[in-house]
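Okay, data26.cif is below, mmCIF, C-alpha atoms (C1' of nucleotides):
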```cif
data_target
loop_
_atom_site.label_atom_id
_atom_site.label_comp_id
_atom_site.auth_asym_id
_atom_site.auth_seq_id
_atom_site.Cartn_x
_atom_site.Cartn_y
_atom_site.Cartn_z
CA MET H 1 -24.25 -55.72 7.92
CA ALA H 2 -21.19 -57.59 6.97
CA ARG H 3 -20.52 -61.20 6.52
CA LEU H 4 -22.18 -63.26 9.19
CA ALA H 5 -21.23 -66.39 11.08
CA THR H 6 -18.02 -67.15 9.18
CA THR H 7 -15.45 -69.05 11.16
CA ALA H 8 -18.06 -70.65 13.36
CA ASP H 9 -18.82 -72.70 10.30
CA VAL H 10 -16.83 -75.64 9.00
CA PHE H 11 -17.04 -74.37 5.44
CA ASN H 12 -15.41 -71.18 6.55
CA ALA H 13 -12.89 -72.92 8.71
CA ILE H 14 -11.48 -74.75 5.73
CA ALA H 15 -11.62 -71.68 3.51
CA GLU H 16 -8.35 -70.52 4.98
CA PRO H 17 -5.35 -72.05 3.18
CA GLN H 18 -3.20 -72.18 6.29
CA ARG H 19 -5.93 -74.01 8.13
CA ARG H 20 -6.17 -76.53 5.32
CA GLY H 21 -2.44 -76.97 5.69
CA ILE H 22 -2.86 -77.67 9.37
CA ILE H 23 -5.61 -80.16 8.66
CA SER H 24 -3.45 -81.95 6.12
CA MET H 25 -0.64 -82.18 8.59
CA LEU H 26 -2.89 -83.52 11.28
CA ALA H 27 -4.11 -86.21 8.95
CA ALA H 28 -0.81 -87.95 9.57
CA GLY H 29 -1.49 -88.02 13.27
CA GLU H 30 -1.50 -85.70 16.23
CA GLN H 31 1.03 -82.91 16.29
CA SER H 32 2.15 -80.42 18.87
CA VAL H 33 1.81 -76.73 18.21
CA ASN H 34 5.53 -76.60 17.82
CA ASP H 35 5.53 -79.37 15.23
CA LEU H 36 2.97 -77.46 13.23
CA THR H 37 4.75 -74.17 13.59
CA GLU H 38 7.99 -75.61 12.29
CA GLN H 39 6.39 -76.90 9.13
CA LEU H 40 4.26 -73.89 8.38
CA THR H 41 5.31 -70.40 7.38
CA LEU H 42 3.62 -69.00 10.41
CA LYS H 43 4.65 -67.83 13.83
CA GLN H 44 3.49 -69.81 16.80
CA PRO H 45 0.82 -67.32 17.92
CA GLN H 46 -0.83 -67.44 14.54
CA VAL H 47 -0.78 -71.21 14.55
CA SER H 48 -2.48 -71.20 17.92
CA LYS H 49 -5.10 -68.85 16.59
CA HIS H 50 -5.87 -71.03 13.61
CA LEU H 51 -6.02 -74.03 15.89
CA LYS H 52 -8.49 -72.16 18.03
CA VAL H 53 -10.73 -71.64 15.04
CA LEU H 54 -10.47 -75.28 14.09
CA LYS H 55 -11.21 -76.27 17.64
CA GLU H 56 -14.28 -74.08 17.76
CA VAL H 57 -15.82 -75.96 14.87
CA GLU H 58 -14.55 -79.17 16.46
CA LEU H 59 -12.37 -80.06 13.52
CA VAL H 60 -9.55 -80.69 15.95
CA SER H 61 -9.23 -81.80 19.54
CA VAL H 62 -6.44 -81.33 22.02
CA ARG H 63 -4.54 -83.63 24.28
CA LYS H 64 -2.42 -82.07 26.97
CA ALA H 65 0.91 -83.63 27.77
CA GLY H 66 3.20 -81.64 29.95
CA LYS H 67 3.85 -78.29 28.44
CA GLN H 68 2.78 -79.49 25.06
CA ARG H 69 -0.64 -79.64 23.47
CA PHE H 70 -1.10 -82.31 20.88
CA TYR H 71 -3.76 -81.52 18.35
CA SER H 72 -5.50 -84.22 16.39
CA LEU H 73 -7.91 -84.14 13.52
CA ASN H 74 -11.56 -84.88 14.04
CA ALA H 75 -12.20 -85.79 10.44
CA THR H 76 -15.87 -86.58 10.98
CA LYS H 77 -16.56 -82.89 10.91
CA LEU H 78 -15.49 -82.84 7.28
CA LYS H 79 -18.28 -85.17 6.33
CA PRO H 80 -20.91 -82.43 5.87
CA ILE H 81 -18.64 -80.80 3.35
CA HIS H 82 -18.01 -84.07 1.66
CA ASP H 83 -21.71 -84.80 1.49
CA TRP H 84 -22.55 -81.38 0.18
CA VAL H 85 -20.01 -81.50 -2.60
CA ALA H 86 -20.79 -85.12 -3.36
CA SER H 87 -24.38 -84.16 -4.02
CA PHE H 88 -23.13 -82.47 -7.16
CA GLU H 89 -20.72 -85.17 -8.15
CA HIS H 90 -23.07 -86.57 -10.76
CA LEU H 91 -22.77 -83.25 -12.56
CA TRP H 92 -19.12 -83.77 -13.38
CA ASN H 93 -18.48 -87.45 -12.98
CA GLU H 94 -19.56 -89.59 -15.90
CA ARG H 95 -19.48 -92.63 -13.73
CA PHE H 96 -22.70 -91.40 -12.19
CA ASP H 97 -24.57 -91.41 -15.46
CA ARG H 98 -25.22 -95.11 -15.23
CA LEU H 99 -26.16 -94.80 -11.59
CA GLU H 100 -28.54 -91.97 -12.35
CA THR H 101 -30.23 -93.92 -15.06
CA TYR H 102 -30.60 -96.81 -12.69
CA LEU H 103 -32.03 -94.65 -9.94
CA GLU H 104 -34.44 -92.98 -12.33
CA THR H 105 -35.64 -96.39 -13.36
CA LEU H 106 -36.27 -97.33 -9.77
CA GLN H 107 -38.03 -94.06 -9.18
CA SER H 108 -40.40 -94.28 -12.11
CA GLU H 109 -41.35 -97.77 -11.04
CA SER H 110 -42.31 -96.83 -7.51
CA THR H 111 -43.92 -93.45 -7.98
CA LYS H 112 -44.39 -92.36 -4.42
CA GLY H 113 -43.92 -89.27 -2.29
CA GLU H 114 -40.25 -89.01 -2.86
CA LYS H 115 -38.39 -86.05 -1.55
CA HIS H 116 -35.66 -84.17 -3.32
CA ASP H 117 -33.39 -82.95 -0.59
CA ASN H 118 -31.69 -80.26 -2.54
CA ASP H 119 -29.84 -78.40 0.12
CA LYS H 120 -29.60 -77.57 3.72
CA SER H 121 -26.92 -74.95 4.10
CA MET L 122 -1.79 -57.69 6.47
CA ALA L 123 -5.20 -59.15 6.53
CA ARG L 124 -6.72 -62.14 4.97
CA LEU L 125 -5.41 -62.79 1.51
CA ALA L 126 -6.89 -64.13 -1.70
CA THR L 127 -10.30 -65.15 -0.36
CA THR L 128 -13.05 -65.08 -2.90
CA ALA L 129 -10.72 -65.72 -5.80
CA ASP L 130 -10.57 -69.21 -4.40
CA VAL L 131 -13.21 -71.91 -4.81
CA PHE L 132 -12.96 -72.86 -1.16
CA ASN L 133 -13.81 -69.32 -0.23
CA ALA L 134 -16.50 -69.03 -2.84
CA ILE L 135 -18.44 -71.85 -1.24
CA ALA L 136 -17.80 -70.60 2.27
CA GLU L 137 -20.67 -68.18 1.88
CA PRO L 138 -24.02 -69.79 2.76
CA GLN L 139 -25.96 -67.75 0.22
CA ARG L 140 -23.58 -68.82 -2.51
CA ARG L 141 -24.03 -72.42 -1.54
CA GLY L 142 -27.72 -71.81 -1.84
CA ILE L 143 -27.26 -70.46 -5.33
CA ILE L 144 -25.13 -73.43 -6.26
CA SER L 145 -27.77 -75.82 -4.99
CA MET L 146 -30.41 -74.06 -6.99
CA LEU L 147 -28.34 -74.17 -10.13
CA ALA L 148 -27.84 -77.87 -9.70
CA ALA L 149 -31.38 -78.28 -10.95
CA GLY L 150 -30.53 -76.46 -14.15
CA GLU L 151 -29.83 -72.99 -15.35
CA GLN L 152 -31.71 -70.15 -13.74
CA SER L 153 -32.13 -66.48 -14.45
CA VAL L 154 -31.07 -63.93 -11.90
CA ASN L 155 -34.70 -63.25 -11.27
CA ASP L 156 -35.42 -66.91 -10.62
CA LEU L 157 -32.66 -67.00 -8.07
CA THR L 158 -33.70 -63.75 -6.46
CA GLU L 159 -37.23 -64.97 -5.93
CA GLN L 160 -36.13 -68.07 -4.11
CA LEU L 161 -33.48 -66.47 -1.96
CA THR L 162 -33.80 -63.98 0.84
CA LEU L 163 -31.69 -61.52 -1.05
CA LYS L 164 -32.25 -58.51 -3.19
CA GLN L 165 -31.36 -58.72 -6.82
CA PRO L 166 -28.16 -56.66 -6.58
CA GLN L 167 -26.78 -58.94 -3.94
CA VAL L 168 -27.62 -61.98 -5.99
CA SER L 169 -25.75 -60.49 -8.91
CA LYS L 170 -22.78 -59.85 -6.72
CA HIS L 171 -22.68 -63.39 -5.45
CA LEU L 172 -23.00 -64.62 -9.00
CA LYS L 173 -20.08 -62.45 -9.92
CA VAL L 174 -17.96 -64.11 -7.28
CA LEU L 175 -19.04 -67.53 -8.45
CA LYS L 176 -18.29 -66.56 -12.01
CA GLU L 177 -14.83 -65.35 -11.11
CA VAL L 178 -13.91 -68.76 -9.83
CA GLU L 179 -15.72 -70.25 -12.82
CA LEU L 180 -18.20 -72.12 -10.71
CA VAL L 181 -20.94 -70.72 -12.91
CA SER L 182 -21.26 -69.60 -16.49
CA VAL L 183 -23.73 -67.29 -18.14
CA ARG L 184 -25.94 -67.53 -21.16
CA LYS L 185 -27.50 -64.36 -22.44
CA ALA L 186 -31.02 -64.51 -23.74
CA GLY L 187 -32.75 -61.25 -24.32
CA LYS L 188 -32.73 -59.18 -21.19
CA GLN L 189 -32.14 -62.23 -19.10
CA ARG L 190 -28.96 -63.93 -18.06
CA PHE L 191 -29.21 -67.60 -17.39
CA TYR L 192 -26.62 -68.90 -15.00
CA SER L 193 -25.61 -72.51 -14.96
CA LEU L 194 -23.43 -74.50 -12.66
CA ASN L 195 -19.98 -75.59 -13.73
CA ALA L 196 -19.77 -78.39 -11.24
CA THR L 197 -16.35 -79.52 -12.37
CA LYS L 198 -14.87 -76.71 -10.35
CA LEU L 199 -16.13 -78.40 -7.22
CA LYS L 200 -13.96 -81.39 -7.89
CA PRO L 201 -10.85 -79.99 -6.17
CA ILE L 202 -12.87 -79.54 -3.02
CA HIS L 203 -14.29 -83.00 -3.35
CA ASP L 204 -10.84 -84.45 -3.84
CA TRP L 205 -9.38 -82.57 -0.93
CA VAL L 206 -12.07 -83.64 1.48
CA ALA L 207 -12.13 -87.15 0.10
CA SER L 208 -8.46 -87.51 0.93
CA PHE L 209 -9.54 -87.59 4.56
CA GLU L 210 -12.53 -89.80 4.08
CA HIS L 211 -10.75 -92.89 5.33
CA LEU L 212 -10.41 -91.14 8.65
CA TRP L 213 -14.12 -91.16 9.30
CA ASN L 214 -15.62 -93.72 6.99
CA GLU L 215 -15.35 -97.27 8.18
CA ARG L 216 -16.27 -98.46 4.75
CA PHE L 217 -12.80 -97.52 3.69
CA ASP L 218 -11.27 -99.96 6.06
CA ARG L 219 -12.82 -102.84 4.20
CA LEU L 220 -12.13 -101.20 0.86
CA GLU L 221 -8.53 -100.69 1.74
CA THR L 222 -8.22 -104.25 2.85
CA TYR L 223 -9.88 -105.40 -0.32
CA LEU L 224 -7.61 -103.36 -2.51
CA GLU L 225 -4.60 -104.65 -0.69
CA THR L 226 -5.83 -108.16 -1.26
CA LEU L 227 -6.24 -107.57 -4.96
CA GLN L 228 -2.82 -106.10 -5.11
CA SER L 229 -1.11 -108.96 -3.38
CA GLU L 230 -2.95 -111.63 -5.35
CA SER L 231 -2.33 -110.56 -8.89
CA THR L 232 -2.61 -107.57 -11.15
CA LYS L 233 -5.35 -108.16 -13.65
CA GLY L 234 -6.69 -105.79 -16.26
CA GLU L 235 -9.10 -104.00 -14.01
CA LYS L 236 -10.29 -100.60 -15.08
CA HIS L 237 -11.20 -97.97 -12.54
CA ASP L 238 -12.50 -94.90 -14.32
CA ASN L 239 -13.63 -93.06 -11.26
CA ASP L 240 -11.43 -90.12 -12.00
CA LYS L 241 -10.57 -88.08 -14.99
CA SER L 242 -9.18 -84.75 -13.94
"C1'" DT M 243 11.82 -69.63 43.50
"C1'" DT M 244 14.13 -68.98 39.16
"C1'" DG M 245 14.59 -70.05 34.51
"C1'" DA M 246 13.57 -72.28 30.29
"C1'" DC M 247 10.31 -73.77 27.27
"C1'" DA M 248 5.46 -74.43 25.14
"C1'" DT M 249 1.36 -72.41 24.15
"C1'" DA M 250 -2.34 -68.94 24.46
"C1'" DT M 251 -4.11 -64.28 24.58
"C1'" DT M 252 -4.37 -59.33 23.81
"C1'" DC M 253 -3.93 -55.34 20.99
"C1'" DT M 254 -3.25 -53.01 16.74
"C1'" DC M 255 -3.61 -52.49 11.92
"C1'" DA M 256 -4.86 -53.28 7.32
"C1'" DT M 257 -7.81 -55.47 4.41
"C1'" DA M 258 -11.86 -58.15 2.95
"C1'" DT M 259 -16.50 -58.21 2.20
"C1'" DA M 260 -21.76 -58.88 2.80
"C1'" DA M 261 -25.67 -56.14 2.69
"C1'" DG M 262 -28.41 -51.86 1.70
"C1'" DC M 263 -29.44 -48.39 -1.40
"C1'" DA M 264 -29.16 -45.80 -5.48
"C1'" DT M 265 -28.02 -45.78 -10.05
"C1'" DA M 266 -26.29 -47.35 -14.45
"C1'" DT M 267 -26.61 -50.39 -18.37
"C1'" DA M 268 -28.96 -53.37 -21.54
"C1'" DT M 269 -32.71 -55.18 -24.06
"C1'" DA M 270 -37.38 -55.48 -25.79
"C1'" DG M 271 -41.78 -53.58 -26.93
"C1'" DT M 272 -44.63 -49.58 -28.14
"C1'" DA I 273 -37.87 -41.71 -28.46
"C1'" DC I 274 -40.15 -43.56 -24.25
"C1'" DT I 275 -41.28 -47.18 -21.01
"C1'" DA I 276 -40.87 -51.40 -18.69
"C1'" DT I 277 -38.10 -55.09 -17.44
"C1'" DA I 278 -33.68 -57.53 -16.30
"C1'" DT I 279 -29.32 -57.26 -14.59
"C1'" DA I 280 -24.96 -55.05 -13.15
"C1'" DT I 281 -22.22 -51.62 -10.80
"C1'" DG I 282 -20.89 -48.10 -7.48
"C1'" DC I 283 -20.95 -46.26 -2.92
"C1'" DT I 284 -21.41 -46.62 2.01
"C1'" DT I 285 -21.40 -48.91 6.37
"C1'" DA I 286 -20.66 -52.38 9.68
"C1'" DT I 287 -18.18 -56.21 10.66
"C1'" DA I 288 -14.86 -60.00 10.17
"C1'" DT I 289 -10.40 -61.41 10.47
"C1'" DG I 290 -5.31 -62.64 9.31
"C1'" DA I 291 -0.92 -61.24 10.61
"C1'" DG I 292 2.54 -59.03 13.67
"C1'" DA I 293 4.32 -57.89 18.14
"C1'" DA I 294 4.16 -58.05 22.87
"C1'" DT I 295 2.67 -60.26 26.71
"C1'" DA I 296 0.42 -63.64 29.57
"C1'" DT I 297 -0.22 -68.31 31.15
"C1'" DG I 298 1.22 -72.90 32.06
"C1'" DT I 299 4.43 -76.54 32.97
"C1'" DC I 300 8.58 -78.66 34.20
"C1'" DA I 301 13.30 -78.90 36.11
"C1'" DA I 302 16.95 -77.53 39.11
#
```
What is this file in C-alpha cells?
Amino acid sequence: MARLATTADVFNAIAEPQRRGIISMLAAGEQSVNDLTEQLTLKQPQVSKHLKVLKEVELVSVRKAGKQRFYSLNATKLKPIHDWVASFEHLWNERFDRLETYLETLQSESTKGEKHDNDKS
Amino acid sequence: MARLATTADVFNAIAEPQRRGIISMLAAGEQSVNDLTEQLTLKQPQVSKHLKVLKEVELVSVRKAGKQRFYSLNATKLKPIHDWVASFEHLWNERFDRLETYLETLQSESTKGEKHDNDKS
DNA sequence: TTGACATATTCTCATATAAGCATATATAGT
DNA sequence: ACTATATATGCTTATATGAGAATATGTCAA
C-alpha cells in the first residue's frame, strides 16, 4: 500500500505550498482563475487543478460569471485544523499555564466522569 | 517534476493521519517507541519511520534510556501552523467581529499601557 | 458561425512515500 | 560470548500526485 486518502483530507489539502498560497490570496476576497494565475508562479491548468483539490475538500466554492469562475474561500473548513493544533497550544504558550491551573482546580473540585478527548484524526 | 519538499515541511508532517496520532499521544508526555506501537495500528518499523519524519521537522525529540528511546513532543513547531490558520480565523469566527470592534474602540479612545503577551515567537 | 478568451480536463512523466517484510544495530542481562 | 529486547534501516511494491503540454469545454461578441 501507499499513502491513503491524502488530498481528500483538509490537512493534506493545505500541505501543498501552492495551495496555501491560493488560500491566502482568496482570504482577500473572491478571485478568478486568471487573477490567481497571474499572481502565482503556475500555469493556468495547474491552478485549476489545485482549485479542484481545494474544492473537493470544500475549502473553496465557485461562482460562475460569464466565462469567468470566481473562487472564494470557505474558511470554516480550516476550523478542524485550527482546533487540532490549538489543542496543543498549552504546550508552547505560557499564557495557558494560568488557564491550566485554573481548569485543574475546577476539575479537582468536581471529580466526575470527565472525558479527555485526546484526538480524533 | 513531481511534488517537491513534502515531509521536510511541518505542514506535510502533520498531513499524515498516523503522525497526527503519534503527536496526540505524545501530548500526554514522552513515550517509548513500544508504547506508541502498542496503541497504534502500525508495526514498530513503521512507527519508527514516522517518528523519523517528525524528528526531521523537529516536531519531536528523543531521549535515550537503556534500550529504549523516549520521544517527546516539541509543540513549538506547531506554532507556525497555528499562526497560519489563525490568520483566517476572523473569516469563520464571529467572536472576532466583536473582538475587532473592541480593539478598534480601544485604539480610538486612547493608548494605555496594556500588555498583551499572547505571542512570543 | 467564427473567433477570442477563460477555464477545465486528459495524458505523460518523474518523484514521493506509506506499508510490509527482513534485517541490522544497540543495549542489557546471563 | 549468547540471548532477549528495543529500535532503526534497507528493500520492495503499490499508489499518489505535481507539473508540463496539449486539448477540450464553455462563454461571449461580432
### Task
Work out how far apart CA of Phe132 in chain L and CA of Glu58 in chain H are and give it in Å to one decimal.
18.8 Å
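Every chain I residue lying within 12 Å of chain H, based on all atoms listed in the file, is listed here: DT284, DT285, DA286, DT287, DA288, DT289, DG290, DA291, DG292, DA293, DA294, DT295, DT297, DG298, DT299 and DC300 of chain I.
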Write a file of the selected residues as a PDB file, keeping the file's coordinate frame, keeping C-alpha atoms (C1' of nucleotides).
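See result07.pdb below for the written result:
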```pdb
ATOM      1  C1'  DT I 284     -21.410 -46.620   2.010  1.00  0.00           C
ATOM      2  C1'  DT I 285     -21.400 -48.910   6.370  1.00  0.00           C
ATOM      3  C1'  DA I 286     -20.660 -52.380   9.680  1.00  0.00           C
ATOM      4  C1'  DT I 287     -18.180 -56.210  10.660  1.00  0.00           C
ATOM      5  C1'  DA I 288     -14.860 -60.000  10.170  1.00  0.00           C
ATOM      6  C1'  DT I 289     -10.400 -61.410  10.470  1.00  0.00           C
ATOM      7  C1'  DG I 290      -5.310 -62.640   9.310  1.00  0.00           C
ATOM      8  C1'  DA I 291      -0.920 -61.240  10.610  1.00  0.00           C
ATOM      9  C1'  DG I 292       2.540 -59.030  13.670  1.00  0.00           C
ATOM     10  C1'  DA I 293       4.320 -57.890  18.140  1.00  0.00           C
ATOM     11  C1'  DA I 294       4.160 -58.050  22.870  1.00  0.00           C
ATOM     12  C1'  DT I 295       2.670 -60.260  26.710  1.00  0.00           C
ATOM     13  C1'  DT I 297      -0.220 -68.310  31.150  1.00  0.00           C
ATOM     14  C1'  DG I 298       1.220 -72.900  32.060  1.00  0.00           C
ATOM     15  C1'  DT I 299       4.430 -76.540  32.970  1.00  0.00           C
ATOM     16  C1'  DC I 300       8.580 -78.660  34.200  1.00  0.00           C
TER      17       DC I 300
END
```
### Message
Residues of chain M were defined as contacting chain L if any atom lay at most 8 Å from it, counting all atoms listed in the file; please report them as number ranges by chain.
### Response
M: 255-258, 261, 268-270
Picked residues, the PyMOL selection byres ((chain L) within 7 of (chain H)), expected as a tab-separated table (two decimals) with C-alpha atoms, in the coordinates of the input:
```tsv
chain	number	residue	atom	x	y	z
L	132	PHE	CA	-12.96	-72.86	-1.16
L	133	ASN	CA	-13.81	-69.32	-0.23
L	136	ALA	CA	-17.80	-70.60	2.27
L	138	PRO	CA	-24.02	-69.79	2.76
L	141	ARG	CA	-24.03	-72.42	-1.54
L	142	GLY	CA	-27.72	-71.81	-1.84
L	145	SER	CA	-27.77	-75.82	-4.99
L	196	ALA	CA	-19.77	-78.39	-11.24
L	197	THR	CA	-16.35	-79.52	-12.37
L	199	LEU	CA	-16.13	-78.40	-7.22
L	203	HIS	CA	-14.29	-83.00	-3.35
L	206	VAL	CA	-12.07	-83.64	1.48
L	207	ALA	CA	-12.13	-87.15	0.10
L	209	PHE	CA	-9.54	-87.59	4.56
L	212	LEU	CA	-10.41	-91.14	8.65
L	213	TRP	CA	-14.12	-91.16	9.30
L	239	ASN	CA	-13.63	-93.06	-11.26
```
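Relative to CA of Val53 in chain H, CA of Ala8 in chain H is found at 7.6 Å.
Residue membership of the PyMOL selection byres ((chain M and resi 265) around 10) in the shown file amounts to M:DC263, M:DA264, M:DA266, M:DT267, I:DT281, I:DG282.
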Could you write those residues out with C-alpha atoms (C1' of nucleotides), as a tab-separated table (two decimals), in the coordinates of the input?
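As a result, selection-v5.tsv now contains:
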```tsv
chain	number	residue	atom	x	y	z
M	263	DC	C1'	-29.44	-48.39	-1.40
M	264	DA	C1'	-29.16	-45.80	-5.48
M	266	DA	C1'	-26.29	-47.35	-14.45
M	267	DT	C1'	-26.61	-50.39	-18.37
I	281	DT	C1'	-22.22	-51.62	-10.80
I	282	DG	C1'	-20.89	-48.10	-7.48
```
## Note on the structure
Atom pair CA of Thr226 in chain L + CA of Gly29 in chain H, distance 25.2 Å
Please, could N, CA and C atoms be added to range 20-33 of chain H and the result written as a JSON list (two decimals), keeping the file's coordinate frame?
```
[["chain", "number", "residue", "atom", "x", "y", "z"],
["H", 20, "ARG", "N", -6.17, -75.27, 6.08],
["H", 20, "ARG", "CA", -6.17, -76.53, 5.32],
["H", 20, "ARG", "C", -4.82, -77.21, 5.46],
["H", 21, "GLY", "N", -3.77, -76.40, 5.49],
["H", 21, "GLY", "CA", -2.44, -76.97, 5.69],
["H", 21, "GLY", "C", -2.34, -77.69, 7.02],
["H", 22, "ILE", "N", -2.88, -77.06, 8.03],
["H", 22, "ILE", "CA", -2.86, -77.67, 9.37],
["H", 22, "ILE", "C", -3.63, -78.98, 9.35],
["H", 23, "ILE", "N", -4.79, -78.94, 8.73],
["H", 23, "ILE", "CA", -5.61, -80.16, 8.66],
["H", 23, "ILE", "C", -4.86, -81.28, 7.95],
["H", 24, "SER", "N", -4.21, -80.93, 6.86],
["H", 24, "SER", "CA", -3.45, -81.95, 6.12],
["H", 24, "SER", "C", -2.35, -82.54, 6.98],
["H", 25, "MET", "N", -1.70, -81.67, 7.73],
["H", 25, "MET", "CA", -0.64, -82.18, 8.59],
["H", 25, "MET", "C", -1.17, -83.08, 9.68],
["H", 26, "LEU", "N", -2.31, -82.72, 10.20],
["H", 26, "LEU", "CA", -2.89, -83.52, 11.28],
["H", 26, "LEU", "C", -3.43, -84.85, 10.79],
["H", 27, "ALA", "N", -3.61, -84.95, 9.49],
["H", 27, "ALA", "CA", -4.11, -86.21, 8.95],
["H", 27, "ALA", "C", -3.10, -87.33, 9.18],
["H", 28, "ALA", "N", -1.86, -86.95, 9.34],
["H", 28, "ALA", "CA", -0.81, -87.95, 9.57],
["H", 28, "ALA", "C", -0.76, -88.38, 11.02],
["H", 29, "GLY", "N", -1.51, -87.70, 11.85],
["H", 29, "GLY", "CA", -1.49, -88.02, 13.27],
["H", 29, "GLY", "C", -1.35, -86.76, 14.09],
["H", 30, "GLU", "N", -1.51, -86.89, 15.37],
["H", 30, "GLU", "CA", -1.50, -85.70, 16.23],
["H", 30, "GLU", "C", -0.14, -85.03, 16.20],
["H", 31, "GLN", "N", -0.19, -83.71, 16.35],
["H", 31, "GLN", "CA", 1.03, -82.91, 16.29],
["H", 31, "GLN", "C", 0.96, -81.85, 17.39],
["H", 32, "SER", "N", 2.10, -81.52, 17.90],
["H", 32, "SER", "CA", 2.15, -80.42, 18.87],
["H", 32, "SER", "C", 2.13, -79.10, 18.11],
["H", 33, "VAL", "N", 1.83, -78.05, 18.81],
["H", 33, "VAL", "CA", 1.81, -76.73, 18.21],
["H", 33, "VAL", "C", 3.17, -76.41, 17.61]]
```
